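Data first, discussion second: the structure below is written as structure tokens.
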Amino acid sequence: MTGLKCQISLPVAAGALLVGLPYSISLFAQWIYGWPNKPGYKKYIEALKPRRIYCLTRAVLETLKYLQYGKLYFQWKSWYKNDENRKHYEKGITFGRRSNKLDLYYSPTAGRSRDAPVPLVVFIYGGAWGSGERSIYCLLARQMAEELSATVICPDYCTYPKGNVLGMVQDITDCLIWARESGQKFNFDIDNIVLIGHSAGAHLCALTTLFLIDAREELFIETTMQRDLTLAIKGVIGLSGVYNIMDHYEHEQMRAVEYVSTMHKAMNGVENFPYYSPSHILNKLSPDKLERVPPFGLLHGTIDIIVPVESSTRFSELLTSHSVKVSLYLLPNIDHTEIVTDLMTLDRRFYHTVYSCLKQEYSKFITKC
């Protein structure tokens with residue numbers, strides 16, 4: 001009898017592990033983040049397809065690796081709450097049409113009033129256009145201010161569902177306008193601005209820059225201000241960025257995460273992908289506007305499975321084909337998260353590797369006085 005129970009329990013256990021667990025994980029994820037965009041009962045048929053179940057389960061389980069950043073989580077939480085650190089930065093400055101907040105980090109090697117103004121870095125965090133907040137990146141912004149000898153601004157912006165990608169671009173533009181108006185107060189150079197972004201943030205940096213160059217009316221700012229901001233942006237650095245939305249959507253489909261992802265929702269549907277793709281906009285710019293595109297520095301980890309390295313290599317090739325200056329850094333054994341988390345503290349594995357690339361590009365961009 002014991003042997004019979006064992007024979008029965010093994011298949012049951014195997015079935016629960018190989019079928020029950022993946023289906024439970026996948027269906028729960030789709031229930032929380034969104035069912036396939038199909039009419040009526042067809043969305044459930046699509047949700048139950050074995051390939052979607054197992055691919056989506058794999059994607060969910062891959063997120064467990066973020067547990068390794070527990071220590072880093074408590075480090076930035078503690079640092080941001082500690083009032084003694086307020087000497088390094090200004091917290092919660094209101095800006096823009098939606099009254100978002102930004103934090104401004106002083107360069108420790110530059111004075112705040114009597115020294116010459118220092119360059120400005122605007123860091124735009126990622127989060128798949130649907131998550132993120134400036135406090136998470138306090139350690140990064142602090143280290144970046146020191147490593148680059150620059151003032152660093154980290155703004156919040158309206159992520160989905162509070163806003164769409166156009167709203168995010170407007171918020172970043174508002175941050176740049178605030179910078180133009182506040183340079184004298186905080187002693188940074190309003191004509192030497194470098195945009196740095198990670199993942200969706202890299203996409204937004206590129207998109208904002210190209211919208212400004214193209215003088216888009218939907219930004220709702222004066223043409224002269226758009227021109228001034230365009231001239232002030234000396235370079236854009238993208239860390240594991242998304243530059244062709246349709247290509248990335250196909251990658252999401254391959255991973256079976258396209259319906260749970262916020263990307264197509266934040267862009268108001270697949271039909272708007274060209275409108276929000278830096279690659280598409282670049283191909284549409286006139287020759288005189290192409291001349292105003294600033295140089296780009298593209299960094300990408302070779303083992304990134306969230307945004308494949310081809311995103312940066314293809315964008316680099318496109319920029320080169322349009323005679324836009326670009327440098328491409330393919331960083332071995334670095335994944336999508338490490339390229340940004342390892343900029344937060346000196347003891348991180350790839351801290352010096354990534355910063356050496358950042359500093360090399362940054363030094364090219366900043367105008368020599």
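Labels used: A, B, ... for chains in the order of the structure tokens, numbers from 1 for residues in each chain, and numbers from 1 for ligands as shown.
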
Residues within 9 Å of region 265-279 of chain A, only C-alpha atoms, excluding chain neighbours under 3 positions, as a PyMOL selection string: chain A and resi 129-130+159-161+163-166+203-204+206-207+210+242-246+249+259+261-262+282-284+315+318-319

All residues 10 Å or closer to region 57-72 of chain A, only C-alpha atoms, same chain fewer than 3 positions away omitted, as a VMD selection string: chain A and resid 21 to 29 51 to 54 75 to 78 136 139 255 to 257 305 to 306 337 to 338 341 to 342 344 to 345 348

Which of A:Ser182, A:Thr224, A:Thr302, A:Thr320 sits closest to Leu290 (chain A) [using only C-alpha atoms]: A:Thr320

Those of region 136-361 of chain A in DSSP strand (DSSP E or B), formatted as a PyMOL selection string: chain A and resi 151-155+188-198+233-239+296-301+326-331

Next, dump the selected residues to file, keeping only N, CA, C and O atoms, as a compact mmCIF listing (two decimals), in the first residue's frame.
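What ended up in out38.txt:
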# COMPACT_ATOMS: atom_id res chain seq x y z
N THR A 151 26.41 69.21 -11.01
CA THR A 151 25.13 69.21 -10.33
C THR A 151 24.25 68.15 -11.00
O THR A 151 24.22 68.06 -12.22
N VAL A 152 23.57 67.35 -10.20
CA VAL A 152 22.71 66.29 -10.75
C VAL A 152 21.28 66.51 -10.29
O VAL A 152 21.02 66.69 -9.10
N ILE A 153 20.36 66.51 -11.23
CA ILE A 153 18.94 66.62 -10.94
C ILE A 153 18.27 65.28 -11.24
O ILE A 153 18.52 64.67 -12.29
N CYS A 154 17.44 64.84 -10.33
CA CYS A 154 16.65 63.62 -10.54
C CYS A 154 15.18 63.97 -10.35
O CYS A 154 14.73 64.13 -9.22
N PRO A 155 14.42 64.09 -11.44
CA PRO A 155 13.01 64.48 -11.33
C PRO A 155 12.07 63.28 -11.36
O PRO A 155 12.36 62.25 -11.95
N PHE A 188 24.67 76.33 -11.39
CA PHE A 188 25.08 75.39 -12.43
C PHE A 188 24.93 76.05 -13.78
O PHE A 188 24.22 77.05 -13.94
N ASP A 189 25.61 75.51 -14.77
CA ASP A 189 25.70 76.11 -16.10
C ASP A 189 24.49 75.67 -16.93
O ASP A 189 24.39 74.51 -17.32
N ILE A 190 23.61 76.61 -17.22
CA ILE A 190 22.38 76.27 -17.94
C ILE A 190 22.64 75.97 -19.42
O ILE A 190 21.74 75.50 -20.12
N ASP A 191 23.85 76.24 -19.88
CA ASP A 191 24.19 75.96 -21.28
C ASP A 191 25.03 74.70 -21.44
O ASP A 191 25.51 74.41 -22.54
N ASN A 192 25.21 73.98 -20.37
CA ASN A 192 25.97 72.72 -20.39
C ASN A 192 25.16 71.64 -19.69
O ASN A 192 25.36 71.36 -18.50
N ILE A 193 24.23 71.04 -20.41
CA ILE A 193 23.34 70.03 -19.84
C ILE A 193 23.56 68.69 -20.54
O ILE A 193 23.63 68.62 -21.77
N VAL A 194 23.68 67.65 -19.74
CA VAL A 194 23.79 66.29 -20.27
C VAL A 194 22.63 65.47 -19.70
O VAL A 194 22.37 65.49 -18.50
N LEU A 195 21.91 64.76 -20.58
CA LEU A 195 20.83 63.88 -20.16
C LEU A 195 21.36 62.45 -20.04
O LEU A 195 22.01 61.96 -20.96
N ILE A 196 21.07 61.82 -18.92
CA ILE A 196 21.44 60.42 -18.72
C ILE A 196 20.18 59.67 -18.29
O ILE A 196 19.48 60.10 -17.37
N GLY A 197 19.89 58.56 -18.95
CA GLY A 197 18.70 57.79 -18.60
C GLY A 197 18.95 56.30 -18.66
O GLY A 197 19.84 55.84 -19.38
N HIS A 198 18.16 55.56 -17.90
CA HIS A 198 18.26 54.09 -17.88
C HIS A 198 16.97 53.47 -18.40
O HIS A 198 15.87 53.86 -17.97
N ILE A 233 21.44 71.21 -24.51
CA ILE A 233 21.69 69.78 -24.35
C ILE A 233 22.93 69.40 -25.15
O ILE A 233 22.92 69.35 -26.37
N LYS A 234 24.02 69.14 -24.44
CA LYS A 234 25.30 68.86 -25.09
C LYS A 234 25.49 67.39 -25.43
O LYS A 234 26.39 67.04 -26.20
N GLY A 235 24.68 66.52 -24.83
CA GLY A 235 24.81 65.11 -25.13
C GLY A 235 23.78 64.29 -24.39
O GLY A 235 23.19 64.76 -23.41
N VAL A 236 23.55 63.08 -24.88
CA VAL A 236 22.60 62.15 -24.25
C VAL A 236 23.31 60.82 -24.03
O VAL A 236 23.93 60.29 -24.96
N ILE A 237 23.22 60.30 -22.82
CA ILE A 237 23.80 58.99 -22.50
C ILE A 237 22.68 58.04 -22.13
O ILE A 237 21.89 58.31 -21.22
N GLY A 238 22.58 56.95 -22.86
CA GLY A 238 21.54 55.97 -22.62
C GLY A 238 22.12 54.69 -22.04
O GLY A 238 23.08 54.13 -22.59
N LEU A 239 21.55 54.24 -20.93
CA LEU A 239 21.96 52.97 -20.31
C LEU A 239 20.89 51.93 -20.59
O LEU A 239 19.76 52.05 -20.11
N PHE A 296 25.50 61.14 -28.93
CA PHE A 296 24.95 60.13 -28.04
C PHE A 296 26.07 59.21 -27.54
O PHE A 296 27.01 58.91 -28.26
N GLY A 297 25.90 58.76 -26.30
CA GLY A 297 26.72 57.70 -25.76
C GLY A 297 25.79 56.57 -25.34
O GLY A 297 24.88 56.80 -24.53
N LEU A 298 25.97 55.39 -25.89
CA LEU A 298 25.08 54.26 -25.62
C LEU A 298 25.84 53.16 -24.89
O LEU A 298 26.85 52.65 -25.39
N LEU A 299 25.36 52.81 -23.70
CA LEU A 299 25.96 51.74 -22.90
C LEU A 299 24.94 50.61 -22.77
O LEU A 299 23.76 50.87 -22.49
N HIS A 300 25.41 49.38 -22.94
CA HIS A 300 24.49 48.25 -22.84
C HIS A 300 25.23 47.00 -22.37
O HIS A 300 26.32 46.70 -22.84
N GLY A 301 24.62 46.29 -21.43
CA GLY A 301 25.19 45.04 -20.95
C GLY A 301 24.91 43.92 -21.93
O GLY A 301 23.82 43.82 -22.49
N VAL A 326 28.17 59.26 -32.25
CA VAL A 326 27.71 58.28 -31.26
C VAL A 326 28.87 57.38 -30.86
O VAL A 326 29.73 57.05 -31.67
N SER A 327 28.88 57.01 -29.60
CA SER A 327 29.83 56.03 -29.08
C SER A 327 29.04 54.89 -28.47
O SER A 327 28.06 55.12 -27.75
N LEU A 328 29.44 53.68 -28.75
CA LEU A 328 28.74 52.49 -28.27
C LEU A 328 29.65 51.67 -27.37
O LEU A 328 30.78 51.34 -27.75
N TYR A 329 29.17 51.37 -26.17
CA TYR A 329 29.92 50.56 -25.21
C TYR A 329 29.10 49.30 -24.90
O TYR A 329 28.02 49.38 -24.33
N LEU A 330 29.62 48.16 -25.28
CA LEU A 330 28.99 46.88 -24.96
C LEU A 330 29.75 46.28 -23.78
O LEU A 330 30.94 45.94 -23.90
N LEU A 331 29.08 46.18 -22.65
CA LEU A 331 29.74 45.83 -21.39
C LEU A 331 29.50 44.36 -21.06
O LEU A 331 28.37 43.95 -20.78

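Put simply, CA of Ala128 (chain A) is 6.3 Å away from CA of Met263 (chain A).
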
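Put simply, CA of Leu56 (chain A) is 24.0 Å away from CA of Gly201 (chain A).
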
For region 96-137 of chain A versus region 358-366 of chain A, which residues have an atom no more than 12 Å away, and what is each residue's nearest atom pair and distance in Å rounded to one decimal, using only C-alpha atoms, chain-then-number order, as a Markdown table?
| residue | atom | partner | partner_atom | distance |
| --- | --- | --- | --- | --- |
| A:Val118 | CA | A:Ile366 | CA | 10.0 |
| A:Pro119 | CA | A:Ile366 | CA | 7.3 |
| A:Leu120 | CA | A:Ile366 | CA | 9.5 |
| A:Val121 | CA | A:Tyr362 | CA | 9.3 |
